[in-house]
>>> print(open('start.pdb').read())   # PDB, C-alpha atoms, pLDDT in the B column
ATOM      1  CA  MET A 187       0.855   3.279  -8.156  1.00 81.00           C
ATOM      2  CA  THR A 188       3.264   2.592  -5.295  1.00 94.00           C
ATOM      3  CA  ARG A 189       5.290   5.691  -4.496  1.00 96.00           C
ATOM      4  CA  PHE A 190       8.376   5.665  -2.313  1.00 98.00           C
ATOM      5  CA  ALA A 191      10.138   8.660  -0.804  1.00 98.00           C
ATOM      6  CA  ILE A 192      13.878   8.142  -0.421  1.00 98.00           C
ATOM      7  CA  LEU A 193      15.323  10.398   2.281  1.00 98.00           C
ATOM      8  CA  LEU A 194      18.793  11.597   1.269  1.00 96.00           C
ATOM      9  CA  GLY A 195      21.264  13.683   3.237  1.00 93.00           C
ATOM     10  CA  GLY A 196      21.250  16.899   1.208  1.00 94.00           C
ATOM     11  CA  ASP A 197      19.544  20.237   1.804  1.00 94.00           C
ATOM     12  CA  LEU A 198      15.812  20.386   2.430  1.00 97.00           C
ATOM     13  CA  ALA A 199      13.251  23.170   2.824  1.00 97.00           C
ATOM     14  CA  VAL A 200       9.920  21.809   4.048  1.00 97.00           C
ATOM     15  CA  THR A 201       7.126  23.454   2.055  1.00 97.00           C
ATOM     16  CA  PRO A 202       3.395  22.775   1.674  1.00 97.00           C
ATOM     17  CA  ARG A 203       4.106  21.604  -1.877  1.00 98.00           C
ATOM     18  CA  LEU A 204       6.657  19.085  -0.616  1.00 98.00           C
ATOM     19  CA  ARG A 205       4.238  17.747   1.987  1.00 97.00           C
ATOM     20  CA  ARG A 206       1.604  17.234  -0.733  1.00 97.00           C
ATOM     21  CA  GLN A 207       4.139  15.425  -2.907  1.00 97.00           C
ATOM     22  CA  LEU A 208       4.990  13.045  -0.063  1.00 97.00           C
ATOM     23  CA  HIS A 209       1.432  12.366   1.054  1.00 96.00           C
ATOM     24  CA  GLY A 210       0.735   8.645   1.011  1.00 95.00           C
ATOM     25  CA  ALA A 211       4.268   7.642   0.043  1.00 97.00           C
ATOM     26  CA  ARG A 212       6.162   4.811   1.704  1.00 98.00           C
ATOM     27  CA  VAL A 213       9.488   5.965   3.103  1.00 98.00           C
ATOM     28  CA  ILE A 214      13.038   4.597   3.157  1.00 98.00           C
ATOM     29  CA  ALA A 215      15.908   6.570   4.691  1.00 96.00           C
ATOM     30  CA  ALA A 216      19.433   6.436   3.291  1.00 95.00           C
ATOM     31  CA  ASP A 217      22.009   6.878   6.086  1.00 91.00           C
ATOM     32  CA  ARG A 218      22.137  10.590   7.051  1.00 91.00           C
ATOM     33  CA  GLY A 219      18.879  11.183   5.169  1.00 94.00           C
ATOM     34  CA  MET A 220      17.131  10.176   8.403  1.00 94.00           C
ATOM     35  CA  ILE A 221      17.733  13.760   9.616  1.00 94.00           C
ATOM     36  CA  HIS A 222      14.716  14.807   7.526  1.00 96.00           C
ATOM     37  CA  ALA A 223      12.290  12.276   9.011  1.00 95.00           C
ATOM     38  CA  GLY A 224      11.462  14.289  12.118  1.00 94.00           C
ATOM     39  CA  VAL A 225      10.772  17.639  10.461  1.00 96.00           C
ATOM     40  CA  LEU A 226       8.623  15.867   7.838  1.00 97.00           C
ATOM     41  CA  GLY A 227       6.742  13.895  10.485  1.00 95.00           C
ATOM     42  CA  LEU A 228       7.623  10.600   8.800  1.00 95.00           C
ATOM     43  CA  THR A 229       8.774   7.257  10.162  1.00 93.00           C
ATOM     44  CA  PRO A 230      10.620   5.262   7.501  1.00 97.00           C
ATOM     45  CA  GLU A 231       9.857   1.580   7.127  1.00 97.00           C
ATOM     46  CA  LEU A 232      13.576   0.919   6.590  1.00 97.00           C
ATOM     47  CA  TRP A 233      16.936   2.594   7.171  1.00 95.00           C
ATOM     48  CA  VAL A 234      19.661   1.690   4.668  1.00 94.00           C
ATOM     49  CA  GLY A 235      23.374   2.445   4.461  1.00 89.00           C
ATOM     50  CA  ASP A 236      26.814   2.041   5.978  1.00 84.00           C
ATOM     51  CA  PHE A 237      25.854   4.463   8.785  1.00 82.00           C
ATOM     52  CA  ASP A 238      29.096   6.392   8.590  1.00 76.00           C
ATOM     53  CA  SER A 239      27.304   9.768   8.605  1.00 69.00           C
ATOM     54  CA  ALA A 240      24.076   9.120  10.523  1.00 72.00           C
ATOM     55  CA  GLY A 241      25.399  10.138  13.941  1.00 70.00           C
ATOM     56  CA  SER A 242      24.713   8.575  17.317  1.00 74.00           C
ATOM     57  CA  GLU A 243      21.692  10.741  18.150  1.00 84.00           C
ATOM     58  CA  LEU A 244      19.787   9.593  15.077  1.00 84.00           C
ATOM     59  CA  LYS A 245      20.712   5.989  15.772  1.00 81.00           C
ATOM     60  CA  VAL A 246      19.222   6.281  19.257  1.00 81.00           C
ATOM     61  CA  GLN A 247      16.146   8.251  18.186  1.00 88.00           C
ATOM     62  CA  TYR A 248      15.262   5.786  15.415  1.00 84.00           C
ATOM     63  CA  ARG A 249      16.558   2.611  17.054  1.00 87.00           C
ATOM     64  CA  ASP A 250      13.241   0.849  16.362  1.00 91.00           C
ATOM     65  CA  VAL A 251      13.402   1.370  12.589  1.00 90.00           C
ATOM     66  CA  PRO A 252      14.630  -1.803  10.813  1.00 93.00           C
ATOM     67  CA  ARG A 253      18.066  -1.407   9.226  1.00 92.00           C
ATOM     68  CA  HIS A 254      19.957  -2.819   6.292  1.00 88.00           C
ATOM     69  CA  VAL A 255      23.613  -2.277   7.217  1.00 86.00           C
ATOM     70  CA  HIS A 256      26.260  -2.308   4.475  1.00 85.00           C
ATOM     71  CA  PRO A 257      30.057  -2.009   4.558  1.00 82.00           C
ATOM     72  CA  ALA A 258      31.593   1.415   3.964  1.00 77.00           C
ATOM     73  CA  GLU A 259      33.591   0.080   1.013  1.00 82.00           C
ATOM     74  CA  LYS A 260      30.917  -0.678  -1.554  1.00 83.00           C
ATOM     75  CA  ALA A 261      30.222  -0.058  -5.235  1.00 80.00           C
ATOM     76  CA  VAL A 262      27.028   1.987  -4.772  1.00 87.00           C
ATOM     77  CA  THR A 263      25.911   4.970  -2.697  1.00 90.00           C
ATOM     78  CA  ASP A 264      23.562   4.662   0.260  1.00 91.00           C
ATOM     79  CA  GLY A 265      20.918   6.398  -1.830  1.00 94.00           C
ATOM     80  CA  GLY A 266      21.423   3.863  -4.601  1.00 94.00           C
ATOM     81  CA  LEU A 267      20.956   1.055  -2.074  1.00 95.00           C
ATOM     82  CA  ALA A 268      17.724   2.634  -0.825  1.00 96.00           C
ATOM     83  CA  ILE A 269      16.390   2.994  -4.378  1.00 97.00           C
ATOM     84  CA  ALA A 270      17.182  -0.662  -5.092  1.00 96.00           C
ATOM     85  CA  VAL A 271      15.242  -1.761  -2.008  1.00 97.00           C
ATOM     86  CA  ALA A 272      12.285   0.434  -2.970  1.00 98.00           C
ATOM     87  CA  LEU A 273      12.204  -1.195  -6.407  1.00 97.00           C
ATOM     88  CA  GLU A 274      12.354  -4.644  -4.795  1.00 97.00           C
ATOM     89  CA  ARG A 275       9.336  -3.632  -2.709  1.00 97.00           C
ATOM     90  CA  GLY A 276       7.317  -2.705  -5.772  1.00 97.00           C
ATOM     91  CA  ALA A 277       7.968   0.987  -6.272  1.00 97.00           C
ATOM     92  CA  THR A 278       6.516   2.414  -9.473  1.00 95.00           C
ATOM     93  CA  GLY A 279       7.409   6.002  -8.593  1.00 96.00           C
ATOM     94  CA  LEU A 280      10.120   7.588  -6.449  1.00 98.00           C
ATOM     95  CA  VAL A 281      10.743  10.966  -4.860  1.00 98.00           C
ATOM     96  CA  LEU A 282      14.390  11.588  -3.944  1.00 98.00           C
ATOM     97  CA  VAL A 283      14.045  13.939  -0.970  1.00 98.00           C
ATOM     98  CA  GLY A 284      17.080  15.990   0.021  1.00 97.00           C
ATOM     99  CA  GLY A 285      18.824  15.263  -3.253  1.00 96.00           C
ATOM    100  CA  PHE A 286      20.288  18.760  -3.733  1.00 95.00           C
ATOM    101  CA  GLY A 287      23.166  20.432  -1.915  1.00 86.00           C
ATOM    102  CA  GLY A 288      26.250  18.904  -0.407  1.00 73.00           C
ATOM    103  CA  GLN A 289      28.625  17.296  -2.880  1.00 82.00           C
ATOM    104  CA  ALA A 290      28.104  18.150  -6.550  1.00 91.00           C
ATOM    105  CA  ASP A 291      29.029  14.628  -7.624  1.00 92.00           C
ATOM    106  CA  HIS A 292      26.174  13.198  -5.577  1.00 89.00           C
ATOM    107  CA  THR A 293      23.680  15.745  -6.921  1.00 94.00           C
ATOM    108  CA  VAL A 294      24.619  15.004 -10.526  1.00 95.00           C
ATOM    109  CA  GLY A 295      24.563  11.310  -9.681  1.00 95.00           C
ATOM    110  CA  HIS A 296      20.943  11.707  -8.541  1.00 95.00           C
ATOM    111  CA  PHE A 297      20.139  13.278 -11.907  1.00 97.00           C
ATOM    112  CA  GLY A 298      21.630  10.241 -13.603  1.00 96.00           C
ATOM    113  CA  GLN A 299      19.565   7.952 -11.396  1.00 96.00           C
ATOM    114  CA  ILE A 300      16.247   9.562 -12.299  1.00 98.00           C
ATOM    115  CA  LEU A 301      17.156   9.492 -15.996  1.00 98.00           C
ATOM    116  CA  HIS A 302      17.870   5.768 -15.664  1.00 96.00           C
ATOM    117  CA  LEU A 303      14.575   5.221 -13.826  1.00 97.00           C
ATOM    118  CA  ALA A 304      12.691   7.139 -16.530  1.00 97.00           C
ATOM    119  CA  LYS A 305      14.226   4.947 -19.239  1.00 96.00           C
ATOM    120  CA  SER A 306      12.969   1.953 -17.238  1.00 95.00           C
ATOM    121  CA  GLY A 307       9.439   3.366 -17.295  1.00 95.00           C
ATOM    122  CA  LEU A 308       9.368   4.623 -13.691  1.00 96.00           C
ATOM    123  CA  THR A 309       8.343   8.134 -12.662  1.00 96.00           C
ATOM    124  CA  SER A 310      10.746   9.933 -10.336  1.00 98.00           C
ATOM    125  CA  PHE A 311      12.111  13.320  -9.420  1.00 98.00           C
ATOM    126  CA  VAL A 312      14.587  14.942  -7.038  1.00 98.00           C
ATOM    127  CA  THR A 313      13.510  17.619  -4.585  1.00 98.00           C
ATOM    128  CA  GLY A 314      15.092  19.907  -2.054  1.00 97.00           C
ATOM    129  CA  GLY A 315      11.785  21.618  -1.340  1.00 97.00           C
ATOM    130  CA  ASN A 316      12.663  24.883  -3.078  1.00 97.00           C
ATOM    131  CA  GLU A 317      14.054  23.219  -6.204  1.00 97.00           C
ATOM    132  CA  GLU A 318      13.085  20.114  -8.124  1.00 98.00           C
ATOM    133  CA  ALA A 319      14.657  18.075 -10.920  1.00 98.00           C
ATOM    134  CA  TYR A 320      12.762  15.951 -13.445  1.00 98.00           C
ATOM    135  CA  PRO A 321      14.132  13.569 -16.094  1.00 98.00           C
ATOM    136  CA  LEU A 322      13.463  14.396 -19.723  1.00 98.00           C
ATOM    137  CA  ILE A 323      13.738  11.540 -22.229  1.00 98.00           C
ATOM    138  CA  PRO A 324      12.081  11.088 -25.636  1.00 98.00           C
ATOM    139  CA  GLY A 325       8.373  11.583 -25.100  1.00 98.00           C
ATOM    140  CA  GLN A 326       6.405  14.067 -23.032  1.00 97.00           C
ATOM    141  CA  LEU A 327       6.744  15.509 -19.536  1.00 98.00           C
ATOM    142  CA  LYS A 328       4.263  17.647 -17.605  1.00 98.00           C
ATOM    143  CA  ILE A 329       5.316  19.630 -14.527  1.00 98.00           C
ATOM    144  CA  ASP A 330       2.614  21.194 -12.382  1.00 98.00           C
ATOM    145  CA  LEU A 331       3.993  24.653 -11.610  1.00 98.00           C
ATOM    146  CA  ALA A 332       2.457  27.883 -10.410  1.00 97.00           C
ATOM    147  CA  GLU A 333       2.768  31.039 -12.474  1.00 97.00           C
ATOM    148  CA  HIS A 334       6.128  32.806 -12.128  1.00 98.00           C
ATOM    149  CA  SER A 335       7.990  29.619 -11.218  1.00 98.00           C
ATOM    150  CA  ARG A 336      11.440  29.481 -12.801  1.00 98.00           C
ATOM    151  CA  LEU A 337      12.303  26.562 -15.079  1.00 98.00           C
ATOM    152  CA  SER A 338      15.549  25.494 -16.717  1.00 98.00           C
ATOM    153  CA  ILE A 339      16.259  22.552 -18.992  1.00 98.00           C
ATOM    154  CA  VAL A 340      19.850  21.338 -18.854  1.00 98.00           C
ATOM    155  CA  PRO A 341      20.776  19.088 -21.800  1.00 98.00           C
ATOM    156  CA  PHE A 342      22.769  15.959 -20.971  1.00 97.00           C
ATOM    157  CA  THR A 343      23.014  15.195 -24.707  1.00 98.00           C
ATOM    158  CA  ASP A 344      22.096  17.035 -27.889  1.00 98.00           C
ATOM    159  CA  LEU A 345      18.312  17.525 -27.920  1.00 98.00           C
ATOM    160  CA  VAL A 346      16.290  17.142 -31.121  1.00 98.00           C
ATOM    161  CA  GLY A 347      12.781  18.501 -31.597  1.00 98.00           C
ATOM    162  CA  LEU A 348      12.311  20.151 -28.203  1.00 98.00           C
ATOM    163  CA  ASP A 349       8.882  21.641 -27.455  1.00 98.00           C
ATOM    164  CA  ILE A 350       8.146  23.745 -24.351  1.00 98.00           C
ATOM    165  CA  GLU A 351       4.612  24.992 -23.679  1.00 98.00           C
ATOM    166  CA  GLY A 352       3.194  27.037 -20.808  1.00 98.00           C
ATOM    167  CA  VAL A 353       6.250  29.275 -20.414  1.00 98.00           C
ATOM    168  CA  LYS A 354       7.191  32.874 -21.163  1.00 98.00           C
ATOM    169  CA  TRP A 355       9.567  31.778 -23.952  1.00 98.00           C
ATOM    170  CA  PRO A 356       8.085  28.695 -25.641  1.00 98.00           C
ATOM    171  CA  LEU A 357       9.976  26.550 -28.120  1.00 98.00           C
ATOM    172  CA  VAL A 358       8.668  24.454 -31.012  1.00 98.00           C
ATOM    173  CA  LYS A 359      10.682  21.607 -32.560  1.00 98.00           C
ATOM    174  CA  ARG A 360      13.924  23.263 -31.530  1.00 98.00           C
ATOM    175  CA  ASP A 361      17.262  21.474 -31.655  1.00 98.00           C
ATOM    176  CA  VAL A 362      19.372  22.287 -28.595  1.00 98.00           C
ATOM    177  CA  PRO A 363      23.019  21.138 -28.549  1.00 98.00           C
ATOM    178  CA  LEU A 364      24.789  19.874 -25.458  1.00 98.00           C
ATOM    179  CA  GLY A 365      26.264  22.840 -23.605  1.00 96.00           C
ATOM    180  CA  SER A 366      23.670  25.334 -24.846  1.00 97.00           C
ATOM    181  CA  THR A 367      22.243  27.791 -22.324  1.00 97.00           C
ATOM    182  CA  LEU A 368      19.212  28.569 -24.491  1.00 97.00           C
ATOM    183  CA  THR A 369      16.857  26.698 -22.175  1.00 98.00           C
ATOM    184  CA  LEU A 370      17.998  28.158 -18.862  1.00 98.00           C
ATOM    185  CA  SER A 371      15.893  30.489 -16.678  1.00 98.00           C
ATOM    186  CA  ASN A 372      12.512  30.328 -18.394  1.00 98.00           C
ATOM    187  CA  VAL A 373       9.371  31.385 -16.530  1.00 98.00           C
ATOM    188  CA  ALA A 374       6.260  29.243 -16.129  1.00 98.00           C
ATOM    189  CA  ARG A 375       2.817  30.621 -16.940  1.00 98.00           C
ATOM    190  CA  GLY A 376       1.261  27.672 -15.103  1.00 97.00           C
ATOM    191  CA  PRO A 377       1.595  23.924 -15.731  1.00 98.00           C
ATOM    192  CA  VAL A 378       4.437  23.275 -18.182  1.00 98.00           C
ATOM    193  CA  ARG A 379       4.466  20.685 -20.960  1.00 98.00           C
ATOM    194  CA  ILE A 380       7.763  19.554 -22.441  1.00 98.00           C
ATOM    195  CA  ALA A 381       8.395  17.105 -25.264  1.00 98.00           C
ATOM    196  CA  VAL A 382      11.545  15.997 -27.048  1.00 98.00           C
ATOM    197  CA  GLN A 383      12.049  13.700 -30.025  1.00 98.00           C
ATOM    198  CA  SER A 384      15.496  12.478 -28.985  1.00 98.00           C
ATOM    199  CA  GLY A 385      18.076  13.191 -26.330  1.00 98.00           C
ATOM    200  CA  HIS A 386      18.216  13.392 -22.551  1.00 98.00           C
ATOM    201  CA  ALA A 387      18.024  16.357 -20.202  1.00 98.00           C
ATOM    202  CA  ILE A 388      17.123  17.397 -16.678  1.00 98.00           C
ATOM    203  CA  ALA A 389      14.358  19.943 -16.123  1.00 98.00           C
ATOM    204  CA  ILE A 390      15.052  21.956 -12.977  1.00 98.00           C
ATOM    205  CA  ALA A 391      12.149  23.872 -11.473  1.00 98.00           C
ATOM    206  CA  TYR A 392      12.043  26.509  -8.755  1.00 98.00           C
ATOM    207  CA  PRO A 393       8.373  26.525  -7.696  1.00 97.00           C
ATOM    208  CA  ALA A 394       6.906  29.942  -6.937  1.00 91.00           C
TER
END
>>> encode(input="start.pdb", output="structure tokens")
Amino acid sequence: MTRFAILLGGDLAVTPRLRRQLHGARVIAADRGMIHAGVLGLTPELWVGDFDSAGSELKVQYRDVPRHVHPAEKAVTDGGLAIAVALERGATGLVLVGGFGGQADHTVGHFGQILHLAKSGLTSFVTGGNEEAYPLIPGQLKIDLAEHSRLSIVPFTDLVGLDIEGVKWPLVKRDVPLGSTLTLSNVARGPVRIAVQSGHAIAIAYPA
């Protein structure tokens, strides 16, 4: 498995769990996402974007990192460009680092990206260190969480036949309509297993 970490420009709390998740991953920075490289002790193999938000200090500090420079007026975000390059380089799994915070449209856009990747058979998730988002599509999903971690499932469509195991309030073959808050703020008892027969959702975890 070839894992890539995509450094995005959102909020990031560096935790031991995050460092374990990034261990061994190849790294691509998307524009301002390079701000996280130093604190993570990572040197990306590529820096992608229009460089409208990177800042001169970063450009000097990482002047030796190869760049793919794009025009500001384009039909895709810098993060989307970085993901595309990672896939071209053989990525089979992606971690979108710094994908929370900032503009809500970008955060929700990241959720859409990992759902699309999941439908293409690729594993991926978004992390800000203290919160993580995983795509849920028909099939099964396991999230390795410590006891007392908080977990919410946010439907993006109506969900049919939802199962949740390893939580304080489990569900079995439950139908959950779009807009329902039934699956918000559950509590993990340990590793969580989720399955759904049809529909799409994002599982958001707050690791203890």
>>> resolve_selection(input="start.pdb", expression="the PyMOL selection byres ((chain A and resi 308-316) around 8)", output="ChimeraX atom specification")
/A:196-201,203-204,278-286,296-297,300,303-307,317-321,392-393
>>> closest_residue(input="start.pdb", among="A:Ile329, A:Val346, A:Leu370, A:His222", to="Val382 of chain A", atoms="all atoms listed in the file")
A:Val346
>>> resolve_selection(input="start.pdb", expression="the PyMOL selection byres ((chain A and resi 205-217) around 6)", output="list in words")
Arg189, Phe190, Ala191, Ile192, Leu193, Leu194, Pro202, Arg203, Leu204, Arg218, Gly219, Met220, Pro230, Glu231, Leu232, Trp233, Val234, Gly235, Phe237, Ala240, Asp264, Gly265 and Ala268 of chain A
>>> closest_residue(input="start.pdb", among="A:Leu331, A:Val251, A:Ile323, A:Val246", to="Leu345 of chain A", atoms="all atoms listed in the file")
A:Ile323
>>> atom_distance(input="start.pdb", atom1="atom CA of Ala272 of chain A", atom2="atom CA of Gln299 of chain A")
13.4 Å
>>> resolve_selection(input="start.pdb", expression="the PyMOL selection byres ((chain A and resi 349) around 6)", output="VMD selection string")
chain A and resid 348 350 357 to 359 380 to 381
>>> write_last_selection(input="start.pdb", atoms="C-alpha atoms", output="PDB file, in the coordinates of the input")
ATOM      1  CA  LEU A 348      12.311  20.151 -28.203  1.00 98.00           C
ATOM      2  CA  ILE A 350       8.146  23.745 -24.351  1.00 98.00           C
ATOM      3  CA  LEU A 357       9.976  26.550 -28.120  1.00 98.00           C
ATOM      4  CA  VAL A 358       8.668  24.454 -31.012  1.00 98.00           C
ATOM      5  CA  LYS A 359      10.682  21.607 -32.560  1.00 98.00           C
ATOM      6  CA  ILE A 380       7.763  19.554 -22.441  1.00 98.00           C
ATOM      7  CA  ALA A 381       8.395  17.105 -25.264  1.00 98.00           C
TER       8      ALA A 381
END
>>> atom_distance(input="start.pdb", atom1="atom CA of Gly288 of chain A", atom2="atom CA of Val340 of chain A")
19.7 Å
>>> atom_distance(input="start.pdb", atom1="atom CA of Phe342 of chain A", atom2="atom CA of Val373 of chain A")
20.9 Å
>>> residues_around(input="start.pdb", residues="Gln247 of chain A", least_positions_apart="5", cutoff="12 Å", atoms="all atoms listed in the file", output="PyMOL selection string")
chain A and resi 220-221+223-224+229+240-242
>>> decode(input="start.pdb", residues="segment 228-243 of chain A", atoms="N, CA and C atoms", output="short mmCIF file (atom, residue, chain, number, x, y, z; two decimals), in the first residue's frame")
data_model
loop_
_atom_site.label_atom_id
_atom_site.label_comp_id
_atom_site.auth_asym_id
_atom_site.auth_seq_id
_atom_site.Cartn_x
_atom_site.Cartn_y
_atom_site.Cartn_z
N LEU A 228 8.46 16.91 8.54
CA LEU A 228 8.34 16.28 7.23
C LEU A 228 8.86 17.21 6.14
N THR A 229 9.46 16.62 5.11
CA THR A 229 9.85 17.37 3.93
C THR A 229 9.09 16.80 2.75
N PRO A 230 8.12 17.53 2.22
CA PRO A 230 7.33 17.02 1.10
C PRO A 230 8.18 16.77 -0.14
N GLU A 231 7.78 15.80 -0.92
CA GLU A 231 8.47 15.53 -2.18
C GLU A 231 8.01 16.48 -3.27
N LEU A 232 6.88 17.19 -3.03
CA LEU A 232 6.36 18.11 -4.03
C LEU A 232 5.50 19.16 -3.33
N TRP A 233 5.49 20.36 -3.91
CA TRP A 233 4.67 21.46 -3.41
C TRP A 233 3.80 21.93 -4.56
N VAL A 234 2.48 21.87 -4.37
CA VAL A 234 1.52 22.10 -5.46
C VAL A 234 0.62 23.29 -5.13
N GLY A 235 0.28 24.09 -6.13
CA GLY A 235 -0.72 25.13 -5.92
C GLY A 235 -0.47 26.36 -6.75
N ASP A 236 -1.28 27.41 -6.47
CA ASP A 236 -1.08 28.69 -7.15
C ASP A 236 -0.22 29.63 -6.31
N PHE A 237 0.08 29.20 -5.06
CA PHE A 237 0.99 29.92 -4.17
C PHE A 237 0.51 31.33 -3.85
N ASP A 238 -0.80 31.48 -3.75
CA ASP A 238 -1.35 32.78 -3.38
C ASP A 238 -1.44 32.96 -1.88
N SER A 239 -1.28 31.86 -1.11
CA SER A 239 -1.42 31.94 0.35
C SER A 239 -0.22 31.36 1.09
N ALA A 240 0.82 30.95 0.36
CA ALA A 240 1.95 30.29 1.01
C ALA A 240 2.79 31.27 1.81
N GLY A 241 2.97 32.48 1.33
CA GLY A 241 3.79 33.45 2.05
C GLY A 241 5.25 33.34 1.67
N SER A 242 5.95 34.47 1.73
CA SER A 242 7.34 34.51 1.27
C SER A 242 8.27 33.70 2.16
N GLU A 243 8.01 33.65 3.47
CA GLU A 243 8.90 32.92 4.36
C GLU A 243 8.92 31.43 4.04
#
